[in-house]
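Chemist: Got a structure for you, written out below as structure tokens; questions coming shortly.
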Amino acid sequence: MRDLTSRALDTATALGATYADVRVVRRLEESITIKSGRVEGVAGGESEGFGVRVIVGGAWGFAASHRLTTAEADRVAAEAVRIARASATAIRTPVVLDGRPPATGRYETPVLEDPFAVPLDRKIADLHAADRALNAVKGIAWTESLYGARREWKTFAASDGSYTQQVITHVGAGLEANAIDGDEHQRRSYPDNGGGWASAGYEHVRTMDLQGTAERVASEAVELLTAPTLPAGTRTVILHPSQLYMQVHESCGHPTELDRAFGTEASYAGTSFLSPDMLGSFRYGSDLCDIVADATVPGGLGSFGWDDEGVAAQQVPLIKEGIFVGYLSSRETAPRIGRDSGGAMRADGWNRIPLIRMTNVNLLPKPGMTFDDIVADTDDGLLFDTCRSWSIDDRRLNFQFATEVCREVKGGKLGRLYRNATYTGITHELWRSMDAVGDASSWRMWGTPNCGKGEPGQAGHVGHGVSGARFRNVRVGVMG
Amino acid sequence: MSGADAIGGNPEAALRLAEEVVRQAGAAGAGEAEVLVVAGDSALTRFANSEIHQNVASSEVFVNLRFAQGRRVAVASSGRVDPDGIRALVERAADITRNVEELEDWAGLPEAGRAEPIAAAWSEGTDGASPELRAEGVRAVIAAADEAGVTAFGSFSTDAEAVAVASSKGISAAERRTSSQLLVVTMGPDDGTGYAEQVAVDATRIDAATIGREAAERAHSSANPVDLAPGDYPVVLGHYAVVDLVDMLGYLGFSALAVAEDRSFWEAGKRVASPLVTIIDDASDPAGLPAAFDAEGVPKQRLRLLEAGVCRDLAFDAQTAARSGRVSTGHGLPAPNTYGPFPTNMVMAAGDASMDELVGGLDRGLLVTRFHYTNPVHSKKVIITGMTRDGTFLVEGGRVVGPVRNLRFTMSYLDALANVEAVSRERRCIRGFMGASVVPAIRLSSFSFTGATAAG
């Protein structure tokens with residue numbers, strides 16, 4: 001491997017690059033999908049290649065190839081330099097990187113049970129058992145049960161002498177039950193829409209107890225068919241962790257990406273209402289709102305040893321006691337606000353450049369109330385559970401979510417079920433209205449394996465730790 | 001600009017590779033085998049704040065093997081084309097097949113059909129596009145933005161690929177395809193934003209200066225937007241907004257599997273839209289991004305998805321077709337595909353109105369440039385929420401009177417299309433979820449805006 005990385009770096013430097021890095025990535029993937037008892041898809045995938053990133057004349061260039069030869073390393077490095085020279089014809093501010101020390105070492109996701117070593121027939125049988133339990137519930141139209149695993153072997157080398165090797169393993173699984181009556185289609189999923197993902201081994205799947213949970217999930221899907229639609233109004237809202245993590249993702253994770261704040265994602269996903277001049281003074285949320293980007297937390301999809309620029313995993317406060325204090329950042333963007341990179345640059349494979357991505361953006365738990373205490377403490381409210389639909393504007397202010405389930409809370413007890421539940425609002429108005437956050441007993445990591453960003457498109461794996469929270473005066477029941 | 005092993009952009013080489021993998025799969029015990037090879041070169045120059053900030057290129061290959069032993073079916077894919085990589089691919093597929101149970105209704109791989117390559121799918125101009133050509137286009141956009149006093153953001157991409165499918169059933173299809181896209185977002189100093197986009201098979205036909213000017217003028221005219229109360233308004237949806245309606249119908253409804261699973265609005269002969277709305281899927285239309293065959297190597301048929309507002313045809317792949325006693329319409333996606341077939345080349349019929357006439361028909365309403373971050377709230381009813389973006393204008397007495405702040409909408413796209421009262425003559429090819437769609441602008445008698453964002 002060193003032959004290839006050294007060759008790429010030497011060639012790039014010889015051709016005029018003032019900085020170069022190269023990532024060699026091999027990715028192994030496996031997926032199983034069972035639909036209504038039928039093993040619909042079993043697939044195994046492998047991909048490998050390398051990408052060379054250079055700075056020439058203060059401008060970026062990147063080229064990548066699937067051919068792992070030293071001759072190709074020469075060709076790709078030269079192509080990256082040529083591309084950077086073309087970039088240099090249309091720049092206004094030369095790229096300057098922070099001065100992080102060279103990175104060296106090795107990191108591996110802690111895995112108790114290697115998912116790729118578990119026999120395929122065992123994994124299919126586990127999923128089948130859960131899918132059968134879903135289908136045993138009367139009134140279910142169709143079901144889908146899924147399993148997936150991904151492992152990446154990633155070598156990073158840079159012209160400053162950095163050389164790191166990482167093995168990252170992610171595993172996910174989940175259930176989905178669909179009930180249909182006329183034009184009413186209700187879905188219930190577990191543990192999350194698209195499955196529950198973690199940085200872990202197959203032990204993560206075992207802890208979900210898919211089979212043991214299936215009957216409840218399917219029964220709720222059927223029950224939703226006859227539930228009333230949530231009426232419009234302004235209500236107290238409790239967000240279950242399965243929904244709260246998506247609220248954090250869309251309304252805190254994305255707007256604290258520093259590249260968005262600088263406009264460099266404007267052409268695709270948009271910008272951010274959080275501008276650097278608001279650092280340290282803008283009240284983003286209530287005093288209970290402490291949000292940290294933490295790439296070191298066990299089990300998170302955003303956990304690693306180093307990011308894809310060779311910056312060590314770290315904890316970066318984003319919101320402290322409700323005040324906006326930090327960004328997810330890179331070696332290029334952080335110096336522009338007088339800081340060092342927070343280590344948030346990751347690429348979706350060898351053929352993509354690293355972008356600022358969420359690591360694990362976590363709403364910290366608060367001692368004092370369990371999640372059940374929050375429900376018990378709520379006289380008149382609604383509990384929203386499991387994200388079904390999400391949308392937010394290009395500055396990350398105006399959001400609207402739909403959840404699979406919504407339950408009334410009356411006198412501290414869970415009541416009737418509502419279907420097609422939505423809530424909507426403005427980011428900082430919602431977070432400022434938060435008056436209760438669950439303690440550590442319900443706090444755990446959730447994962448998003450499909451966070452879209454960048455051109456060409458990249459799907460990021462990011463994590464969120466949450467425990468559940470309550471918000472006041474939220475507009476609900478918007479169905480057009 | 002294909003790489004060293006000359007598969008990228010070379011359909012004959014891609015087909016030879018596919019055939020070799022089919023042969024090796026047969027030797028490994030496959031009763032049936034199908035191989036999809038996609039090999040090509042992609043490049044994208046990205047700009048923001050009126051400068052290039054990202055600039056990338058990659059040579060990639062994707063080999064997807066569907067391997068069947070009787071009714072046991074597996075899929076394996078690889079980005080490796082060296083002998084060891086191919087051997088590993090075949091072994092992985094064979095191993096999976098040994099561990100899966102039989103699919104009771106497995107209908108076998110599709111039978112061979114004749115898919116003639118479409119010459120219009122390929123452009124030497126795109127295949128030869130250089131980083132210098134893309135940078136030149138970006139500089140033209142930036143110049144237009146500078147002239148208007150706004151800032152430019154966007155990307156200019158070029159893609160050239162060879163696609164081949166071979167199977168033990170005799171499928172042998174190969175063609176080369178190119179595409180190019182320039183999209184531009186512009187921002188002015190007084191909260192004005194604009195957008196413009198061009199998609200073409202031939203990158204040298206991308207008119208960067210014109211696209212840059214269109215986006216810049218829109219940012220200029222949307223400066224200093226004012227608040228507008230949400231509510232139901234008549235609207236004109238520009239081309240960039242209409243593509244989302246067409247795409248969502250394809251995503252949620254025009255698939256035979258979606259209908260079989262009862263998650264689609266589609267019912268044969270049912271009226272779901274205005275008689276002015278006709279949507280076909282036509283992969284041979286040179287106004288779009290043509291393709292001769294799907295990921296199963298089946299020739300693409302022309303589908304009348306909505307004819308004068310009435311549901312007519314559905315997209316089928318080999319498996320959904322077999323379950324229905326039909327033949328595939330050539331709308332299969334790469335295996336394993338549990339979501340079902342997908343129309344990737346939708347074309348909405350033109351009307352007879354100019355843009356001025358569309359806007360002129362609004363007594364008091366809104367002109368919407370495009371939608372942002374749309375997502376289904378209720379899939380079967382096609383209720384979608386999203387935001388307007390990059391130019392939303394109040395129209396009174398048939399004339400644009402000024403910009404308004406972005407609005408959130410929550411609306412059934414079927415209800416929206418039922419409200420269509422005029423369609424533009426001019427159509428544009430715009431990139432969608434998958435592939436690209438050719439769409440007009442439309443005027444609707446009512447559209448539901450459900451939220452607003454205050455200044456800040």
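Chain identifiers are assigned as A, B, and so on, following the order in which chains appear in the structure tokens; residues are numbered from 1 within each chain, and ligands are numbered from 1 in order of appearance.
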Can you list every residue of chain B that has an atom at most 7 Å from chain A, with its nearest atom pair and the distance in Å to one decimal, using only C-alpha atoms, ordered by chain then number, as a tab-separated table?
Modeler:
residue	atom	partner	partner_atom	distance
B:Ala48	CA	A:Thr264	CA	5.1
B:Asn49	CA	A:Gly263	CA	6.8
B:Glu51	CA	A:Ile91	CA	4.5
B:Ile52	CA	A:Ser87	CA	5.6
B:His53	CA	A:Trp60	CA	6.5
B:Gln54	CA	A:Trp60	CA	6.1
B:Asn55	CA	A:Gly61	CA	5.3
B:Val56	CA	A:Phe62	CA	4.6
B:Ala57	CA	A:Ala63	CA	4.7
B:Ser58	CA	A:Ala64	CA	4.4
B:Ser59	CA	A:Ser65	CA	4.8
B:Glu60	CA	A:His66	CA	5.8
B:Ala74	CA	A:Val42	CA	5.6
B:Val75	CA	A:Ala43	CA	4.6
B:Ala76	CA	A:Gly44	CA	4.7
B:Ser77	CA	A:Gly45	CA	4.5
B:Ser78	CA	A:Glu46	CA	4.6
B:Gly79	CA	A:Ser47	CA	4.5
B:Arg80	CA	A:Ser47	CA	6.7
B:Asn99	CA	A:Asp121	CA	5.4
B:Val100	CA	A:Asp121	CA	6.9
B:Leu103	CA	A:Arg38	CA	6.9
B:Pro131	CA	A:Ile83	CA	5.6
B:Glu132	CA	A:Ala86	CA	5.4
B:Ala135	CA	A:Ala86	CA	6.1
B:Arg139	CA	A:Ala90	CA	6.5
B:Phe153	CA	A:Ser267	CA	5.5
B:Gly154	CA	A:Ser267	CA	4.8
B:Val184	CA	A:Ser267	CA	6.7
B:Val185	CA	A:Ser267	CA	5.5
B:Arg263	CA	A:His185	CA	6.8
B:Pro336	CA	A:Gly41	CA	5.2
B:Thr338	CA	A:Glu40	CA	6.6
B:His372	CA	A:Asp393	CA	6.7
B:Tyr373	CA	A:Ser391	CA	5.5
B:Thr374	CA	A:Ser391	CA	6.2
B:Asn375	CA	A:Ser389	CA	6.2
B:Pro376	CA	A:Ser389	CA	6.3
B:Val377	CA	A:Ser389	CA	5.8
B:Lys380	CA	A:Asp183	CA	6.2
B:Lys381	CA	A:Asp183	CA	6.8
B:Thr385	CA	A:Ser391	CA	6.9
B:Gly386	CA	A:Ser391	CA	6.0
B:Met387	CA	A:Asp393	CA	5.9
B:Thr410	CA	A:Gly480	CA	4.6
B:Met411	CA	A:Gly480	CA	5.1
B:Ser448	CA	A:Gly480	CA	6.1
B:Thr450	CA	A:Gly480	CA	6.5
B:Thr453	CA	A:Asn398	CA	6.1
Chemist: Identify all residues of range 222-297 of chain A in alpha helix (DSSP H) (DSSP on the backbone) and supply them as a tab-separated table (two decimals) with N, CA and C atoms, in the first residue's frame.
Modeler:
chain	number	residue	atom	x	y	z
A	222	VAL	N	-51.60	-1.73	12.15
A	222	VAL	CA	-53.02	-2.02	11.92
A	222	VAL	C	-53.90	-1.05	12.69
A	223	GLU	N	-53.50	-0.77	13.93
A	223	GLU	CA	-54.27	0.14	14.77
A	223	GLU	C	-54.34	1.54	14.16
A	224	LEU	N	-53.28	1.93	13.48
A	224	LEU	CA	-53.24	3.27	12.88
A	224	LEU	C	-54.32	3.46	11.81
A	225	LEU	N	-54.70	2.37	11.16
A	225	LEU	CA	-55.68	2.49	10.08
A	225	LEU	C	-57.00	3.09	10.56
A	241	PRO	N	-37.06	9.60	21.47
A	241	PRO	CA	-35.71	9.60	20.88
A	241	PRO	C	-35.69	9.23	19.40
A	242	SER	N	-36.62	8.34	18.96
A	242	SER	CA	-36.64	7.91	17.56
A	242	SER	C	-37.01	9.05	16.61
A	243	GLN	N	-37.60	10.11	17.11
A	243	GLN	CA	-37.88	11.30	16.30
A	243	GLN	C	-36.93	12.44	16.66
A	244	LEU	N	-36.57	12.53	17.93
A	244	LEU	CA	-35.74	13.66	18.37
A	244	LEU	C	-34.38	13.64	17.66
A	245	TYR	N	-33.86	12.44	17.38
A	245	TYR	CA	-32.55	12.41	16.74
A	245	TYR	C	-32.60	13.02	15.33
A	246	MET	N	-33.74	12.86	14.65
A	246	MET	CA	-33.86	13.48	13.33
A	246	MET	C	-34.03	14.99	13.43
A	247	GLN	N	-34.69	15.43	14.50
A	247	GLN	CA	-34.81	16.88	14.73
A	247	GLN	C	-33.42	17.48	14.95
A	248	VAL	N	-32.58	16.78	15.72
A	248	VAL	CA	-31.21	17.23	15.93
A	248	VAL	C	-30.44	17.24	14.60
A	258	LEU	N	-19.75	24.06	8.88
A	258	LEU	CA	-19.14	25.36	8.56
A	258	LEU	C	-19.07	25.61	7.06
A	259	ASP	N	-18.99	24.55	6.25
A	259	ASP	CA	-18.99	24.77	4.80
A	259	ASP	C	-20.32	25.36	4.35
A	260	ARG	N	-21.41	24.91	4.97
A	260	ARG	CA	-22.71	25.49	4.63
A	260	ARG	C	-22.76	26.96	5.02
A	261	ALA	N	-22.21	27.25	6.21
A	261	ALA	CA	-22.22	28.65	6.67
A	261	ALA	C	-21.44	29.54	5.71
Chemist: At a cut-off of 10 Å, using only C-alpha atoms, what residues contact Thr204 in chain B? Leave out same-chain residues fewer than 4 positions from it and give the result as a PyMOL selection string.
Modeler: chain B and resi 123-126+128-129+133-134+137+180+200+208
Chemist: Can you tell me how far CA of Ala318 in chain B sits from CA of Glu91 in chain B, in Å to one decimal?
Modeler: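 Interatomic distance here is 24.9 Å.
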Chemist: I'd like the neighbourhood of range 189-197 of chain B as a list in words, where a residue qualifies if any of its atoms comes within 8 Å (using only C-alpha atoms), though same-chain residues fewer than 3 positions away should be ignored.
Modeler: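 Here the answer would be Val150, Gln181, Leu182, Leu183, Val184, Val185, Thr186, Ile211, Gly212, Glu214, Ala215, Ala216, Glu217, Arg218, Ala219, His220, Ser221, Ser222, Ala223, Asn224, Pro225, Thr369, Arg389, Asp390, Gly391 and Ile430 of chain B.
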Chemist: Which residue is closest to Gly302 in chain A? Choose from A:Cys406, A:Ala440, A:Val375, A:Met345 and count only C-alpha atoms.
Modeler: A:Met345
Chemist: Leaving out range 442-448 of chain A and any residue of its chain fewer than 6 positions from it, which residues lie within 7 Å of it when counting only C-alpha atoms, given as number ranges by chain?
Modeler: A: 196-198, 245, 299-301, 365, 370-371, 461-467
Chemist: Calculate how many Å separate CA of Gly340 in chain B from CA of Leu127 in chain A, rounding to one decimal.
Modeler: 21.2 Å
Chemist: Can you list, as a PyMOL selection string, every protein, DNA or RNA residue that comes within 12 Å of Met278 in chain A when you count only C-alpha atoms, leaving out same-chain residues fewer than 2 positions away?
Modeler: chain A and resi 256+261+272-276+280-284+319+323-327+337
